[in-house]
Amino acid sequence: MIDGIKEQKDPNFYIDDIKERFGEKILDTAHPRHSRIYILVDKKDAPEIVKYIFYEYAGRHSISSGVDTPDGVEILYHMALDNQRDIFINVKTLVPREDFRIESIGKDIPAFEWIEREIHELFGVEFVGHPDIRHLLLADDWPEGKYPLRKDFRKDF
Amino acid sequence: MSLKMKAFKKSIWVYHIACSPCNNCDIEILDLLTPRFDVERFGILLVGSPRHADALLVTGMVNRLTKPRLIEVYLQTPKPRVVFAFGSCGISTGIFAGGYNTEGPIDKVIHEVDPEGIVVYVPGCPPKPEAMIDAIVKALKAL
Amino acid sequence: MKKKTVIPIGPYHPLLEEPEFFILYVDGETVVDMDVRIGYNHRAIEKIVESKTWDQDTFVVERICGICSTSHPFAYVQAVEDVAGIEAPPRAQYIRTIIAELERIHSHLLWVGLAGHFIGYNTVFMWAWKCRETILDISEKLTGNRNHYAMFKPGGVRRDFNDEQIEYALKRIEEVWKPNELITNAILDDPVMHARLKGVGVLSTEDAIAYSVVGPTARGSNLDWDVRRDHPYGAYDKVKWDVCVQPDGDVFSKAVVRLLENFESVKIIRQCLENLPDGPIDAELSEVPPGEGIGVHEAPRGEVFHYVRSDGSNMPYRHKVRAPTFMNLPSFKASCIGEEIADVALITASIDPCYCCTERVGVVDKSGNRSTLKEADLIKLSQEKTELIRKKLGK
C-alpha cells in the first residue's frame with residue numbers, strides 16, 4: 001500500500017500516478033465528474049492494473065460488470081476507494097470475440113472469484129486459470145453455448 | 001361432504017415453501033406468527049414437513065432450480081391438499097414474465113403434475129398479513 | 001478418526017440428486033470445507049430490465065429483495081442521475097434518507113429476531129419483531145405500504161410528506177429506542193450470550209479485505225467502511241451520526257454493530273424529519289443521455305452497487321446489479337471452516353443473507369456419506385448448544 005494513500009482524496013493524483021506507473025498501457029482515461037474515473041486498457045494489462053489498485057491504493061473490489069457490445073464483451077472492474085475518499089476507479093477492457101479469454105484475477109484474490117464465474121456463464125468469456133469455473137446462478141442442465149446476457153441470446157429451448 | 005373434509009376444515013396445518021421469491025411475502029408469512037397477528041389462535045399451524053401439511057403456502061415466481069423442488073414437495077403432501085399461491089409473482093409471475101429463468105406461475109407448475117390440484121390465489125405485493133388470514137379463512141369456507 | 005453420519009430429516013428424494021443450498025464437508029462435528037449454490041433466486045432481472053423503461057426499471061429492482069426493497073431503487077436512481085449529470089432536489093434527498101433509515105432499522109430488528117431464535121432466545125425474536133411493527137406502521141403512514149414503498153424515481157421521489165405524517169413519524173420513532181436498548185443490553189450483559197457468540201465464526205480483517213466484504217460483516221471485522229460516509233449521497237453528510245465498528249470479527253461483533261446502528265438510524269431519522277427543507281421533490285428528468293453511471297447505497301447488509309449504461313434511448317442498454325450478500329457470502333469459507341455444525345446456522349446468519357438461503361443444507365462426512373439437514377435441524381442443533389452452555393455456566 002502506498003504511504004498515506006487512505007488520506008489521498010484528489011482524483012487527479014490517482015490519474016497521474018496510474019499514467020506514470022503504466023505509461024502506454026493506459027489507452028484512455030475519462031473523468032466525467034469528481035468521483036468517477038474510467039480507465040481504458042488492453043485485456044492483457046487489465047489484471048495487473050486492477051491488482052495494483054487493489055493493493056497499492058487500498059481499493060475495494062465493489063464488483064465487475066460485463067457488457068455485450070458488437071466488438072466483444074467489455075469488462076469493467078469497479079474499484080471503490082473508501083475511507084472518505086469518495087472515488088470509484090473503473091478499469092474498462094474489451095474481450096473480443098475472436099480471442100474470448102482473459103486472465104483470471106479470482107485465482108489470486110478471492111473477491112473476484114464469484115463474479116468471474118457469473119460473467120463466464122452469462123456471457124461466455126473464458127477466465128484463464130480460474131480455480132472453480134462451475135455454474136453459479138444457472139441450473140447445471142443449462143444448455144452449452146447459450147449465454148443469456150448476450151444481445152443475440154434467444155430462449156429457444 | 002366426506003368426514004375427511006370436515007376434519008380438514010377444523011384446523012389447518014401449513015407448510016411454507018419459497019420458490020424464488022423476493023422474500024417480502026415470506027417475511028409477511030413469518031409475521032403471522034408474531035403476537036400482533038398470532039394465527040395459532042385460529043388453528044393455523046406452521047409445520048416443518050410437507051408430509052404433515054394440509055396446505056402449502058407457496059411464494060415466488062418459480063425458476064428453473066425451484067420448479068423440481070416445488071413438484072417434489074407437492075407430491076409429498078398427503079391429500080386432501082390445497083396450494084396457496086401468494087403475491088403477484090405466485091399468481092402470474094408478475095414482472096418476471098418472459099424472463100429466461102421463469103418457469104412459473106405456481107398454478108402452471110402444480111397443474112403439470114396434478115390437473116385437479118386446488119390453487120388459491122392471494123393477490124398483493126406483498127399481500128398484507130390480514131389479507132393472508134382472510135384468504136385462508138375464505139378458502140376453507142369455500143372448500 | 002470417528003465417522004459421523006447425520007440422520008436425514010425432511011424431504012429427501014434418494015433418486016433426485018438435487019444441488020443443495022449449502023454443502024458442509026465435515027470431520028466429526030467440525031466443518032472442514034463448505035460450498036454454496038445460489039441459483040435458487042436467479043430471476044434474470046438484469047435481462048428483463050433491458051426491455052423496460054428507465055421508470056419501470058425502478059419498480060423491478062425494488063423487488064430484488066423484499067427486506068432491502070428501498071436499497072436497490074436508491075442506488076439505481078442515483079446511477080441514472082449519474083449518467084444524466086443531475087442531482088435530486090434537497091427535500092427529495094432528505095425523504096430518501098428517512099425511508100432508507102427506516103428500512104435499516106426494520107431489517108436489523110428482523111435479523112436480531114431470527115438470530116435470537118437460532119440460539120433459542122425466542123423472547124428476543126418476539127420483542128424484536130414487535131418493535132419492528134412500529135417501523136412498519138411508520139412506513140405505512142409515510143408511504144402507504146409496509147414494504148415495497150414505491151417512493152423512488154430517477155430525479156427525486158414520487159410522493160411528499162405532509163405535516164401530519166411528519167408529526168406521526170417523529171412521535172412514533174421514539175418508541176424504537178427503549179426496546180432496542182433492552183435487546184442491546186440483554187446481549188451485552190448476558191454471560192450465556194457472550195459464551196455462545198464470542199469467538200464464533202471469526203472473519204479476520206485480512207480475510208475481510210481479501211473477500212471485499214461490505215456492511216456490518218466488514219465493520220464487525222474492524223474495517224471502517226460505510227458508503228454513507230465514504231461516498232456521500234442523500235442527506236447523510238447533512239446530519240450527525242457515527243459509523244459503528246467492532247474489532248473482533250465474530251458473530252458477537254456483528255450483532256453489536258447492527259444493534260448500535262439502530263440507534264444511529266433513529267438519530268438520522270429524527271434530524272431529517274426536524275430539518276426537512278422546503279422545495280420541490282422532483283428534478284423532472286425527461287431524457288437520459290448516452291453514457292454510463294454508478295450509484296451506491298449502504299443497505300442494511302452492506303453496499304448495494306448499480307451500474308447503468310445508456311445509449312440515449314428510453315431503456316437501459318445494460319444494468320448491472322450487485323447486492324451486498326454477493327460479496328459477503330463467499331466469506332463464509334473463511335469464517336465457517338474449523339467451526340462446529342451447531343454454529344453454522346448462526347455464522348451464516350451473521351452474514352445476514354436473504355433468509356431463504358439457509359433452507360437446505362447438505363452434509364458430507366469424511367467417508368463421502370451424504371445426508372441432508374433442514375433449516376429446522378440446524379436451528380435445533382444451535383439451540384441445544386446454547387442449552388449446554390447455559391448448564392455449564394450454571395445459569
# chains A, B, ... in the order shown; residues from 1 in each chain; ligands from 1
$ residues_around --residues "Leu138 (chain A)" --least-positions-apart "5" --cutoff "9 Å" --atoms "only C-alpha atoms" --output "number ranges by chain"
A: 118, 121-122; B: 64-65, 101; C: 38-40, 42
$ select_by_dssp --residues "chain B" --states "alpha helix (DSSP H)" --output "mmCIF file with C-alpha atoms, in the first residue's frame"
data_model
loop_
_atom_site.group_PDB
_atom_site.id
_atom_site.type_symbol
_atom_site.label_atom_id
_atom_site.label_comp_id
_atom_site.auth_asym_id
_atom_site.auth_seq_id
_atom_site.Cartn_x
_atom_site.Cartn_y
_atom_site.Cartn_z
ATOM 1 C CA LEU B 3 -65.774 -36.869 7.065
ATOM 2 C CA LYS B 4 -62.294 -36.258 5.855
ATOM 3 C CA MET B 5 -63.154 -32.796 4.530
ATOM 4 C CA LYS B 6 -64.963 -31.936 7.775
ATOM 5 C CA ALA B 7 -61.888 -32.786 9.828
ATOM 6 C CA PHE B 8 -59.735 -30.920 7.356
ATOM 7 C CA LYS B 9 -61.747 -27.764 7.943
ATOM 8 C CA LYS B 10 -61.404 -27.623 11.734
ATOM 9 C CA ASN B 24 -41.290 -9.995 1.119
ATOM 10 C CA CYS B 25 -44.231 -12.434 1.076
ATOM 11 C CA ASP B 26 -42.201 -14.819 3.218
ATOM 12 C CA ILE B 27 -41.476 -12.187 5.829
ATOM 13 C CA GLU B 28 -45.166 -11.310 5.970
ATOM 14 C CA ILE B 29 -45.937 -15.012 6.429
ATOM 15 C CA LEU B 30 -43.495 -15.115 9.349
ATOM 16 C CA ASP B 31 -45.227 -12.003 10.651
ATOM 17 C CA THR B 66 -37.008 -24.362 -7.679
ATOM 18 C CA LYS B 67 -39.554 -25.939 -10.041
ATOM 19 C CA PRO B 68 -38.491 -29.554 -9.351
ATOM 20 C CA ARG B 69 -38.423 -28.775 -5.636
ATOM 21 C CA LEU B 70 -41.971 -27.444 -5.710
ATOM 22 C CA ILE B 71 -43.201 -30.511 -7.568
ATOM 23 C CA GLU B 72 -41.382 -32.810 -5.146
ATOM 24 C CA VAL B 73 -42.859 -31.079 -2.100
ATOM 25 C CA TYR B 74 -46.369 -31.011 -3.625
ATOM 26 C CA LEU B 75 -46.297 -34.741 -4.323
ATOM 27 C CA GLN B 76 -45.149 -35.433 -0.766
ATOM 28 C CA GLY B 87 -48.488 -12.463 -4.316
ATOM 29 C CA SER B 88 -48.274 -11.188 -7.859
ATOM 30 C CA CYS B 89 -45.284 -13.422 -8.559
ATOM 31 C CA GLY B 90 -47.057 -16.515 -7.372
ATOM 32 C CA ILE B 91 -50.234 -15.796 -9.307
ATOM 33 C CA SER B 92 -48.828 -14.648 -12.622
ATOM 34 C CA ILE B 106 -47.319 -21.634 -9.370
ATOM 35 C CA ASP B 107 -50.612 -22.953 -10.740
ATOM 36 C CA LYS B 108 -48.960 -23.851 -14.047
ATOM 37 C CA VAL B 109 -46.347 -25.964 -12.249
ATOM 38 C CA ILE B 110 -48.889 -27.632 -9.959
ATOM 39 C CA HIS B 111 -51.295 -28.459 -12.783
ATOM 40 C CA GLU B 112 -48.476 -30.056 -14.736
ATOM 41 C CA VAL B 113 -48.366 -32.868 -12.164
ATOM 42 C CA PRO B 129 -50.942 -10.369 6.826
ATOM 43 C CA GLU B 130 -54.633 -9.505 7.271
ATOM 44 C CA ALA B 131 -55.227 -10.375 3.617
ATOM 45 C CA MET B 132 -53.447 -13.690 4.053
ATOM 46 C CA ILE B 133 -55.600 -14.669 7.032
ATOM 47 C CA ASP B 134 -58.683 -13.568 5.120
ATOM 48 C CA ALA B 135 -57.658 -15.717 2.160
ATOM 49 C CA ILE B 136 -57.097 -18.815 4.264
ATOM 50 C CA VAL B 137 -60.420 -18.395 6.056
ATOM 51 C CA LYS B 138 -62.339 -17.750 2.820
ATOM 52 C CA ALA B 139 -60.698 -20.719 1.114
ATOM 53 C CA LEU B 140 -61.666 -23.034 3.970
ATOM 54 C CA LYS B 141 -65.268 -21.860 3.787
ATOM 55 C CA ALA B 142 -65.413 -22.379 0.027
#
$ residues_around --residues "region 96-111 of chain A" --least-positions-apart "2" --cutoff "10 Å" --atoms "only C-alpha atoms" --output "ChimeraX atom specification"
/A:43-48,50-51,54,60-63,69-75,93-94,113-117,120,124-132 /C:207-213,326-328,330-331
$ closest_atom_pairs --of "chain B" --to "chain C" --cutoff "8 Å" --atoms "only C-alpha atoms" --output "Markdown table"
| residue | atom | partner | partner_atom | distance |
| --- | --- | --- | --- | --- |
| B:Ala18 | CA | C:Cys356 | CA | 7.0 |
| B:Cys19 | CA | C:Tyr40 | CA | 7.6 |
| B:Ser20 | CA | C:Asn41 | CA | 4.4 |
| B:Pro21 | CA | C:Asn41 | CA | 6.8 |
| B:Cys22 | CA | C:Cys65 | CA | 4.5 |
| B:Asn23 | CA | C:Gly66 | CA | 5.1 |
| B:Asn24 | CA | C:Gly66 | CA | 4.1 |
| B:Cys25 | CA | C:Gly66 | CA | 7.8 |
| B:Asp31 | CA | C:Trp129 | CA | 7.8 |
| B:Thr34 | CA | C:Met126 | CA | 6.4 |
| B:Pro35 | CA | C:Met126 | CA | 7.3 |
| B:Arg36 | CA | C:Lys130 | CA | 7.5 |
| B:Gly48 | CA | C:Ala376 | CA | 7.1 |
| B:Ser49 | CA | C:Gly10 | CA | 6.0 |
| B:Pro50 | CA | C:Pro11 | CA | 7.8 |
| B:Asn63 | CA | C:Arg43 | CA | 6.7 |
| B:Leu65 | CA | C:Tyr40 | CA | 5.6 |
| B:Thr66 | CA | C:Tyr40 | CA | 6.1 |
| B:Val73 | CA | C:Pro11 | CA | 7.1 |
| B:Gln76 | CA | C:Pro11 | CA | 7.9 |
| B:Ile95 | CA | C:Val60 | CA | 6.7 |
| B:Phe96 | CA | C:Arg43 | CA | 7.0 |
| B:Gly98 | CA | C:Ile48 | CA | 7.9 |
| B:Gly99 | CA | C:Ala44 | CA | 5.9 |
| B:Tyr100 | CA | C:Ala44 | CA | 6.3 |
| B:Asn101 | CA | C:Arg43 | CA | 5.8 |
| B:Thr102 | CA | C:Arg43 | CA | 6.6 |
| B:Cys125 | CA | C:His148 | CA | 7.6 |
| B:Pro126 | CA | C:Asn147 | CA | 7.9 |
$ residues_around --residues "Ser253 (chain C)" --least-positions-apart "5" --cutoff "8 Å" --atoms "only C-alpha atoms" --output "tab-separated table (two decimals) with N, CA and C atoms, in the first residue's frame"
chain	number	residue	atom	x	y	z
C	198	LYS	N	-19.27	-15.16	21.32
C	198	LYS	CA	-17.92	-14.59	21.18
C	198	LYS	C	-16.97	-15.65	20.63
C	220	GLY	N	-17.84	-5.39	11.46
C	220	GLY	CA	-17.62	-6.27	12.61
C	220	GLY	C	-16.21	-6.85	12.62
C	221	SER	N	-15.50	-6.72	11.50
C	221	SER	CA	-14.12	-7.20	11.42
C	221	SER	C	-13.15	-6.02	11.40
C	246	GLN	N	-16.67	-2.71	15.12
C	246	GLN	CA	-16.28	-3.58	16.23
C	246	GLN	C	-15.05	-4.37	15.82
C	247	PRO	N	-14.17	-4.70	16.77
C	247	PRO	CA	-12.86	-5.22	16.39
C	247	PRO	C	-12.71	-6.72	16.17
C	248	ASP	N	-13.62	-7.56	16.74
C	248	ASP	CA	-13.26	-8.97	16.84
C	248	ASP	C	-13.65	-9.89	15.68
$ closest_atom_pairs --of "chain A" --to "chain B" --cutoff "9 Å" --atoms "only C-alpha atoms" --output "Markdown table"
| residue | atom | partner | partner_atom | distance |
| --- | --- | --- | --- | --- |
| A:Leu138 | CA | B:Leu65 | CA | 8.2 |
| A:Ala139 | CA | B:Leu65 | CA | 6.1 |
| A:Pro148 | CA | B:Tyr100 | CA | 7.4 |
| A:Arg154 | CA | B:Tyr100 | CA | 8.9 |
| A:Lys155 | CA | B:Tyr100 | CA | 6.4 |
$ select_by_dssp --residues "chain A" --states "strand (DSSP E or B)" --output "JSON, numbers by chain"
{"A": [26, 27, 28, 29, 30, 31, 32, 33, 36, 37, 38, 39, 40, 41, 60, 61, 62, 63, 64, 65, 66, 67, 68, 69, 72, 73, 74, 75, 76, 77, 78, 79, 80, 81, 87, 88, 89, 90, 91, 92, 93, 94, 95, 96, 101, 102, 103, 126, 127, 128]}
$ write_last_selection --atoms "N, CA and C atoms" --output "compact mmCIF listing (two decimals), in the first residue's frame"
# COMPACT_ATOMS: atom_id res chain seq x y z
N ILE A 26 -1.99 2.49 -20.49
CA ILE A 26 -3.24 3.22 -20.27
C ILE A 26 -3.66 3.81 -21.62
N LEU A 27 -4.70 3.22 -22.24
CA LEU A 27 -5.10 3.63 -23.58
C LEU A 27 -5.88 4.94 -23.55
N ASP A 28 -6.70 5.11 -22.49
CA ASP A 28 -7.52 6.32 -22.42
C ASP A 28 -8.02 6.49 -21.00
N THR A 29 -8.25 7.72 -20.61
CA THR A 29 -8.88 7.96 -19.30
C THR A 29 -10.04 8.93 -19.48
N ALA A 30 -11.04 8.77 -18.60
CA ALA A 30 -12.17 9.71 -18.60
C ALA A 30 -12.47 10.08 -17.15
N HIS A 31 -12.81 11.33 -16.93
CA HIS A 31 -13.07 11.82 -15.58
C HIS A 31 -14.32 12.70 -15.64
N PRO A 32 -15.49 12.08 -15.89
CA PRO A 32 -16.70 12.87 -16.14
C PRO A 32 -17.15 13.70 -14.94
N ARG A 33 -16.92 13.23 -13.74
CA ARG A 33 -17.19 14.06 -12.56
C ARG A 33 -16.21 13.64 -11.45
N ARG A 36 -15.80 9.92 -10.30
CA ARG A 36 -15.84 8.81 -11.26
C ARG A 36 -14.65 8.88 -12.20
N ILE A 37 -13.78 7.85 -12.16
CA ILE A 37 -12.64 7.78 -13.08
C ILE A 37 -12.80 6.51 -13.91
N TYR A 38 -12.67 6.60 -15.23
CA TYR A 38 -12.73 5.43 -16.10
C TYR A 38 -11.40 5.31 -16.83
N ILE A 39 -10.82 4.12 -16.79
CA ILE A 39 -9.52 3.90 -17.43
C ILE A 39 -9.67 2.78 -18.44
N LEU A 40 -9.27 3.03 -19.70
CA LEU A 40 -9.39 2.00 -20.73
C LEU A 40 -8.03 1.34 -20.92
N VAL A 41 -8.00 0.00 -20.85
CA VAL A 41 -6.73 -0.71 -21.02
C VAL A 41 -6.94 -1.92 -21.91
N ARG A 60 -11.19 -1.32 -2.84
CA ARG A 60 -12.07 -2.46 -2.59
C ARG A 60 -12.73 -2.84 -3.90
N HIS A 61 -12.77 -4.14 -4.19
CA HIS A 61 -13.43 -4.58 -5.42
C HIS A 61 -14.94 -4.55 -5.19
N SER A 62 -15.60 -3.53 -5.69
CA SER A 62 -17.04 -3.42 -5.49
C SER A 62 -17.75 -4.49 -6.30
N ILE A 63 -17.46 -4.58 -7.61
CA ILE A 63 -17.92 -5.68 -8.46
C ILE A 63 -17.34 -5.45 -9.85
N SER A 64 -17.50 -6.44 -10.73
CA SER A 64 -17.14 -6.27 -12.13
C SER A 64 -18.39 -6.44 -12.98
N SER A 65 -18.49 -5.68 -14.05
CA SER A 65 -19.65 -5.80 -14.94
C SER A 65 -19.21 -6.25 -16.32
N GLY A 66 -20.02 -7.12 -16.93
CA GLY A 66 -19.80 -7.48 -18.32
C GLY A 66 -20.83 -6.76 -19.16
N VAL A 67 -20.42 -6.24 -20.31
CA VAL A 67 -21.37 -5.55 -21.20
C VAL A 67 -21.16 -6.08 -22.61
N ASP A 68 -22.21 -6.60 -23.22
CA ASP A 68 -22.07 -7.14 -24.57
C ASP A 68 -22.15 -6.01 -25.59
N THR A 69 -21.15 -5.92 -26.44
CA THR A 69 -21.15 -4.91 -27.50
C THR A 69 -20.85 -5.60 -28.82
N GLY A 72 -17.40 -7.20 -28.95
CA GLY A 72 -17.00 -8.22 -27.99
C GLY A 72 -17.62 -7.88 -26.64
N VAL A 73 -17.12 -8.51 -25.59
CA VAL A 73 -17.68 -8.23 -24.27
C VAL A 73 -16.73 -7.28 -23.53
N GLU A 74 -17.25 -6.16 -23.10
CA GLU A 74 -16.47 -5.23 -22.28
C GLU A 74 -16.56 -5.69 -20.85
N ILE A 75 -15.43 -5.68 -20.15
CA ILE A 75 -15.48 -5.95 -18.72
C ILE A 75 -15.03 -4.69 -17.99
N LEU A 76 -15.82 -4.27 -17.02
CA LEU A 76 -15.42 -3.14 -16.19
C LEU A 76 -15.17 -3.64 -14.77
N TYR A 77 -14.00 -3.36 -14.24
CA TYR A 77 -13.70 -3.68 -12.85
C TYR A 77 -13.92 -2.41 -12.04
N HIS A 78 -14.93 -2.45 -11.15
CA HIS A 78 -15.28 -1.24 -10.39
C HIS A 78 -14.57 -1.27 -9.04
N MET A 79 -13.57 -0.41 -8.87
CA MET A 79 -12.78 -0.40 -7.64
C MET A 79 -13.15 0.82 -6.81
N ALA A 80 -13.59 0.57 -5.56
CA ALA A 80 -14.02 1.66 -4.68
C ALA A 80 -12.87 2.10 -3.80
N LEU A 81 -12.64 3.41 -3.73
CA LEU A 81 -11.68 3.95 -2.78
C LEU A 81 -12.48 4.53 -1.63
N ILE A 87 -14.22 8.03 -4.27
CA ILE A 87 -13.82 7.87 -5.67
C ILE A 87 -14.09 6.42 -6.09
N PHE A 88 -14.55 6.25 -7.33
CA PHE A 88 -14.62 4.92 -7.95
C PHE A 88 -13.69 4.94 -9.16
N ILE A 89 -12.71 4.02 -9.17
CA ILE A 89 -11.87 3.88 -10.36
C ILE A 89 -12.37 2.66 -11.12
N ASN A 90 -12.79 2.86 -12.37
CA ASN A 90 -13.36 1.77 -13.16
C ASN A 90 -12.40 1.40 -14.28
N VAL A 91 -11.84 0.19 -14.22
CA VAL A 91 -10.91 -0.25 -15.25
C VAL A 91 -11.70 -0.97 -16.32
N LYS A 92 -11.68 -0.43 -17.54
CA LYS A 92 -12.50 -0.97 -18.63
C LYS A 92 -11.62 -1.66 -19.64
N THR A 93 -12.04 -2.84 -20.09
CA THR A 93 -11.26 -3.54 -21.10
C THR A 93 -12.18 -4.32 -22.02
N LEU A 94 -11.73 -4.55 -23.25
CA LEU A 94 -12.57 -5.26 -24.21
C LEU A 94 -12.03 -6.67 -24.43
N VAL A 95 -12.92 -7.66 -24.35
CA VAL A 95 -12.53 -9.03 -24.69
C VAL A 95 -13.19 -9.34 -26.03
N PRO A 96 -12.40 -9.33 -27.12
CA PRO A 96 -13.02 -9.51 -28.44
C PRO A 96 -13.44 -10.95 -28.66
N ARG A 101 -10.86 -14.73 -24.26
CA ARG A 101 -10.33 -15.13 -22.98
C ARG A 101 -9.58 -13.98 -22.32
N ILE A 102 -9.55 -14.04 -20.98
CA ILE A 102 -8.80 -13.04 -20.21
C ILE A 102 -8.28 -13.73 -18.97
N GLU A 103 -7.14 -13.26 -18.48
CA GLU A 103 -6.56 -13.89 -17.30
C GLU A 103 -7.45 -13.68 -16.07
N GLU A 126 -13.96 -16.62 -21.23
CA GLU A 126 -13.17 -17.62 -20.52
C GLU A 126 -12.16 -16.92 -19.62
N PHE A 127 -12.15 -17.30 -18.33
CA PHE A 127 -11.20 -16.72 -17.38
C PHE A 127 -10.08 -17.72 -17.16
N VAL A 128 -8.92 -17.44 -17.76
CA VAL A 128 -7.83 -18.40 -17.77
C VAL A 128 -7.24 -18.55 -16.37
$ closest_residue --among "A:Asp3, A:Asp141, A:Asp82, A:Asp10" --to "chain C" --atoms "only C-alpha atoms"
A:Asp82
$ closest_residue --among "A:Asp86, A:Asp17, A:Glu24, A:Asp156" --to "chain C" --atoms "only C-alpha atoms"
A:Asp86
$ residues_around --residues "Lys6 (chain A)" --least-positions-apart "6" --cutoff "9 Å" --atoms "only C-alpha atoms" --output "mmCIF file with C-alpha atoms, in the first residue's frame"
data_model
loop_
_atom_site.group_PDB
_atom_site.id
_atom_site.type_symbol
_atom_site.label_atom_id
_atom_site.label_comp_id
_atom_site.auth_asym_id
_atom_site.auth_seq_id
_atom_site.Cartn_x
_atom_site.Cartn_y
_atom_site.Cartn_z
ATOM 1 C CA TYR A 57 -4.471 2.175 -3.461
ATOM 2 C CA ALA A 58 -6.272 0.014 -0.859
ATOM 3 C CA LEU A 81 -11.678 3.954 -2.776
ATOM 4 C CA ASP A 82 -13.318 4.178 0.654
ATOM 5 C CA ASN A 83 -12.061 5.837 3.863
ATOM 6 C CA GLN A 84 -13.877 9.047 2.871
ATOM 7 C CA ARG A 85 -12.030 9.361 -0.441
#
$ atom_distance --atom1 "CA of Ala75 (chain C)" --atom2 "CA of Glu261 (chain C)"
20.0 Å
$ atom_distance --atom1 "CA of Ile347 (chain C)" --atom2 "CA of Trp225 (chain C)"
20.8 Å
$ decode --residues "region 305-344 of chain C" --atoms "C-alpha atoms" --output "PDB file, in the first residue's frame"
ATOM      1  CA  PHE C 305     -23.928  -1.257  -6.322  1.00  0.00           C
ATOM      2  CA  HIS C 306     -25.689  -0.391  -9.581  1.00  0.00           C
ATOM      3  CA  TYR C 307     -24.022   0.346 -12.903  1.00  0.00           C
ATOM      4  CA  VAL C 308     -26.045   1.534 -15.877  1.00  0.00           C
ATOM      5  CA  ARG C 309     -25.122   2.198 -19.448  1.00  0.00           C
ATOM      6  CA  SER C 310     -27.356   4.289 -21.649  1.00  0.00           C
ATOM      7  CA  ASP C 311     -27.390   4.532 -25.432  1.00  0.00           C
ATOM      8  CA  GLY C 312     -29.714   7.531 -25.307  1.00  0.00           C
ATOM      9  CA  SER C 313     -32.911   5.515 -25.735  1.00  0.00           C
ATOM     10  CA  ASN C 314     -35.665   5.121 -23.146  1.00  0.00           C
ATOM     11  CA  MET C 315     -34.379   1.756 -21.895  1.00  0.00           C
ATOM     12  CA  PRO C 316     -31.097   0.794 -20.239  1.00  0.00           C
ATOM     13  CA  TYR C 317     -28.543  -0.783 -22.575  1.00  0.00           C
ATOM     14  CA  ARG C 318     -27.052  -2.545 -19.580  1.00  0.00           C
ATOM     15  CA  HIS C 319     -27.965  -2.543 -15.911  1.00  0.00           C
ATOM     16  CA  LYS C 320     -25.637  -4.388 -13.575  1.00  0.00           C
ATOM     17  CA  VAL C 321     -26.945  -5.052 -10.075  1.00  0.00           C
ATOM     18  CA  ARG C 322     -24.769  -6.249  -7.227  1.00  0.00           C
ATOM     19  CA  ALA C 323     -26.401  -6.972  -3.865  1.00  0.00           C
ATOM     20  CA  PRO C 324     -24.212  -6.952  -0.733  1.00  0.00           C
ATOM     21  CA  THR C 325     -24.723 -10.640   0.006  1.00  0.00           C
ATOM     22  CA  PHE C 326     -22.884 -11.476  -3.235  1.00  0.00           C
ATOM     23  CA  MET C 327     -19.663 -10.171  -1.682  1.00  0.00           C
ATOM     24  CA  ASN C 328     -20.353 -11.408   1.849  1.00  0.00           C
ATOM     25  CA  LEU C 329     -21.492 -14.957   1.177  1.00  0.00           C
ATOM     26  CA  PRO C 330     -18.170 -16.297  -0.200  1.00  0.00           C
ATOM     27  CA  SER C 331     -16.517 -15.206   3.037  1.00  0.00           C
ATOM     28  CA  PHE C 332     -18.330 -17.970   4.950  1.00  0.00           C
ATOM     29  CA  LYS C 333     -15.496 -20.204   3.766  1.00  0.00           C
ATOM     30  CA  ALA C 334     -13.115 -18.176   5.875  1.00  0.00           C
ATOM     31  CA  SER C 335     -15.452 -17.913   8.858  1.00  0.00           C
ATOM     32  CA  CYS C 336     -17.020 -21.405   8.941  1.00  0.00           C
ATOM     33  CA  ILE C 337     -14.034 -23.661   8.413  1.00  0.00           C
ATOM     34  CA  GLY C 338     -12.924 -25.057  11.741  1.00  0.00           C
ATOM     35  CA  GLU C 339     -16.274 -24.360  13.376  1.00  0.00           C
ATOM     36  CA  GLU C 340     -18.930 -26.777  14.619  1.00  0.00           C
ATOM     37  CA  ILE C 341     -22.029 -27.792  12.684  1.00  0.00           C
ATOM     38  CA  ALA C 342     -24.103 -26.423  15.580  1.00  0.00           C
ATOM     39  CA  ASP C 343     -22.737 -22.948  14.813  1.00  0.00           C
ATOM     40  CA  VAL C 344     -23.219 -22.987  11.041  1.00  0.00           C
TER      41      VAL C 344
END
